[in-house]
Amino acid sequence: MSATTVTVSILDKDYQVSCSPEEVAELKRSAEYLNEKMREIKASGSVLGLDRIAVMAALNIANDMLTASHSVKTLESEKDAELQQLNGKIDQALARFRVS
């Protein structure tokens, strides 16, 4: 698999990143998302310095990801419980059908 070098711009600074050709679109989307988050933090004026802005953006993104992951796990657990309940109802219906 060959690597492709992609230039992304974050806070008006260009970075060259290597990735597989299949990952180029996702890399660009990720860089755009990071750039947007860093611009929001910079615009708030509460954080100064590129390093601090980058760390705050990373923390915010990590928090968003962990929150979303927790939500997905909660939904999966709820759906598993619903499926078990439905399976129980199906088993009961089949048992009544066999008795008839």
# chains A, B, ... in the order shown; residues from 1 in each chain; ligands from 1

$ select_by_dssp --residues "chain A" --states "helix (DSSP H, G or I)" --output "JSON, numbers by chain"
{"A": [21, 22, 23, 24, 25, 26, 27, 28, 29, 30, 31, 32, 33, 34, 35, 36, 37, 38, 39, 40, 41, 42, 43, 44, 50, 51, 52, 53, 54, 55, 56, 57, 58, 59, 60, 61, 62, 63, 64, 65, 66, 67, 68, 69, 70, 71, 72, 73, 74, 75, 76, 77, 78, 79, 80, 81, 82, 83, 84, 85, 86, 87, 88, 89, 90, 91, 92, 93, 94, 95, 96, 97, 98, 99]}

$ residues_around --residues "range 20-30 of chain A" --least-positions-apart "5" --cutoff "9 Å" --atoms "only C-alpha atoms" --output "compact mmCIF listing (two decimals) with C-alpha atoms, in the first residue's frame"
# COMPACT_ATOMS: atom_id res chain seq x y z
CA MET A 1 0.00 0.00 0.00
CA SER A 2 1.49 3.34 -1.02
CA ALA A 3 1.32 6.44 1.13
CA THR A 4 -0.04 9.75 -0.08
CA THR A 5 1.10 13.06 1.36
CA VAL A 6 -1.75 15.44 2.07
CA THR A 7 -1.44 19.07 3.09
CA VAL A 8 -3.98 20.23 5.64
CA ASN A 35 -9.53 23.51 12.55

$ atom_distance --atom1 "CA of Ala81 in chain A" --atom2 "CA of Ala95 in chain A"
21.0 Å

$ atom_distance --atom1 "CA of Ala57 in chain A" --atom2 "CA of Thr74 in chain A"
25.6 Å

$ atom_distance --atom1 "CA of Ile10 in chain A" --atom2 "CA of Leu34 in chain A"
7.3 Å

$ select_by_dssp --residues "chain A" --states "strand (DSSP E)" --output "PDB file with N, CA and C atoms, in the first residue's frame"
ATOM      1  N   THR A   4       0.207   8.492   0.604  1.00  0.00           N
ATOM      2  CA  THR A   4      -0.038   9.748  -0.079  1.00  0.00           C
ATOM      3  C   THR A   4       0.222  10.865   0.922  1.00  0.00           C
ATOM      4  N   THR A   5       0.876  11.914   0.485  1.00  0.00           N
ATOM      5  CA  THR A   5       1.105  13.060   1.358  1.00  0.00           C
ATOM      6  C   THR A   5       0.020  14.088   1.097  1.00  0.00           C
ATOM      7  N   VAL A   6      -0.650  14.491   2.162  1.00  0.00           N
ATOM      8  CA  VAL A   6      -1.752  15.437   2.073  1.00  0.00           C
ATOM      9  C   VAL A   6      -1.387  16.664   2.891  1.00  0.00           C
ATOM     10  N   THR A   7      -1.667  17.835   2.357  1.00  0.00           N
ATOM     11  CA  THR A   7      -1.440  19.069   3.089  1.00  0.00           C
ATOM     12  C   THR A   7      -2.767  19.537   3.667  1.00  0.00           C
ATOM     13  N   VAL A   8      -2.778  19.723   4.975  1.00  0.00           N
ATOM     14  CA  VAL A   8      -3.975  20.234   5.645  1.00  0.00           C
ATOM     15  C   VAL A   8      -3.616  21.545   6.327  1.00  0.00           C
ATOM     16  N   SER A   9      -4.600  22.421   6.447  1.00  0.00           N
ATOM     17  CA  SER A   9      -4.383  23.722   7.064  1.00  0.00           C
ATOM     18  C   SER A   9      -5.174  23.811   8.355  1.00  0.00           C
ATOM     19  N   ILE A  10      -4.456  24.109   9.430  1.00  0.00           N
ATOM     20  CA  ILE A  10      -5.085  24.263  10.734  1.00  0.00           C
ATOM     21  C   ILE A  10      -4.611  25.585  11.327  1.00  0.00           C
ATOM     22  N   LYS A  13      -1.997  27.421   9.341  1.00  0.00           N
ATOM     23  CA  LYS A  13      -0.672  26.812   9.246  1.00  0.00           C
ATOM     24  C   LYS A  13      -0.823  25.478   8.525  1.00  0.00           C
ATOM     25  N   ASP A  14       0.034  25.238   7.542  1.00  0.00           N
ATOM     26  CA  ASP A  14      -0.042  24.009   6.759  1.00  0.00           C
ATOM     27  C   ASP A  14       0.778  22.893   7.396  1.00  0.00           C
ATOM     28  N   TYR A  15       0.197  21.697   7.351  1.00  0.00           N
ATOM     29  CA  TYR A  15       0.855  20.497   7.861  1.00  0.00           C
ATOM     30  C   TYR A  15       0.780  19.428   6.784  1.00  0.00           C
ATOM     31  N   GLN A  16       1.875  18.721   6.572  1.00  0.00           N
ATOM     32  CA  GLN A  16       1.876  17.613   5.620  1.00  0.00           C
ATOM     33  C   GLN A  16       1.762  16.312   6.403  1.00  0.00           C
ATOM     34  N   VAL A  17       0.788  15.513   5.992  1.00  0.00           N
ATOM     35  CA  VAL A  17       0.500  14.269   6.684  1.00  0.00           C
ATOM     36  C   VAL A  17       0.457  13.146   5.659  1.00  0.00           C
ATOM     37  N   SER A  18       1.076  12.019   5.976  1.00  0.00           N
ATOM     38  CA  SER A  18       1.032  10.858   5.088  1.00  0.00           C
ATOM     39  C   SER A  18      -0.079   9.915   5.529  1.00  0.00           C
ATOM     40  N   CYS A  19      -0.781   9.392   4.537  1.00  0.00           N
ATOM     41  CA  CYS A  19      -1.821   8.405   4.815  1.00  0.00           C
ATOM     42  C   CYS A  19      -2.045   7.585   3.558  1.00  0.00           C
TER      43      CYS A  19
END

$ residues_around --residues "Ile41 in chain A" --least-positions-apart "2" --cutoff "10 Å" --atoms "only C-alpha atoms" --output "ChimeraX atom specification"
/A:35-39,43-48,52-54,56-57,60

$ decode --residues "range 36-86 of chain A" --atoms "C-alpha atoms" --output "compact mmCIF listing (two decimals), in the first residue's frame"
# COMPACT_ATOMS: atom_id res chain seq x y z
CA GLU A 36 -13.13 24.49 13.31
CA LYS A 37 -12.82 23.48 16.98
CA MET A 38 -9.51 25.31 17.37
CA ARG A 39 -10.96 28.45 15.76
CA GLU A 40 -13.89 28.35 18.18
CA ILE A 41 -11.51 28.16 21.14
CA LYS A 42 -9.29 30.89 19.74
CA ALA A 43 -12.32 33.14 19.08
CA SER A 44 -13.48 32.74 22.68
CA GLY A 45 -10.30 34.54 23.75
CA SER A 46 -10.07 32.53 26.95
CA VAL A 47 -7.13 30.41 25.78
CA LEU A 48 -3.91 31.89 24.41
CA GLY A 49 -1.14 30.14 22.53
CA LEU A 50 -1.37 27.55 19.77
CA ASP A 51 -0.25 24.70 22.03
CA ARG A 52 -2.91 25.45 24.63
CA ILE A 53 -5.60 25.87 21.98
CA ALA A 54 -4.60 22.51 20.47
CA VAL A 55 -4.72 20.80 23.88
CA MET A 56 -8.11 22.30 24.71
CA ALA A 57 -9.46 21.25 21.31
CA ALA A 58 -8.10 17.73 21.83
CA LEU A 59 -9.69 17.53 25.27
CA ASN A 60 -13.04 18.76 23.95
CA ILE A 61 -12.96 16.29 21.05
CA ALA A 62 -11.95 13.44 23.35
CA ASN A 63 -14.80 14.34 25.72
CA ASP A 64 -17.27 14.42 22.81
CA MET A 65 -16.04 11.02 21.62
CA LEU A 66 -16.25 9.45 25.08
CA THR A 67 -19.74 10.89 25.64
CA ALA A 68 -20.90 9.55 22.27
CA SER A 69 -19.33 6.17 22.99
CA HIS A 70 -21.12 5.99 26.34
CA SER A 71 -24.41 6.88 24.64
CA VAL A 72 -23.91 4.14 22.06
CA LYS A 73 -23.16 1.58 24.79
CA THR A 74 -26.27 2.65 26.69
CA LEU A 75 -28.41 2.31 23.57
CA GLU A 76 -26.89 -1.10 22.81
CA SER A 77 -27.70 -2.27 26.34
CA GLU A 78 -31.28 -1.02 26.03
CA LYS A 79 -31.71 -2.73 22.67
CA ASP A 80 -30.23 -5.97 24.01
CA ALA A 81 -32.72 -5.88 26.88
CA GLU A 82 -35.58 -5.24 24.43
CA LEU A 83 -34.43 -8.13 22.24
CA GLN A 84 -34.26 -10.46 25.22
CA GLN A 85 -37.77 -9.40 26.19
CA LEU A 86 -39.04 -10.02 22.66
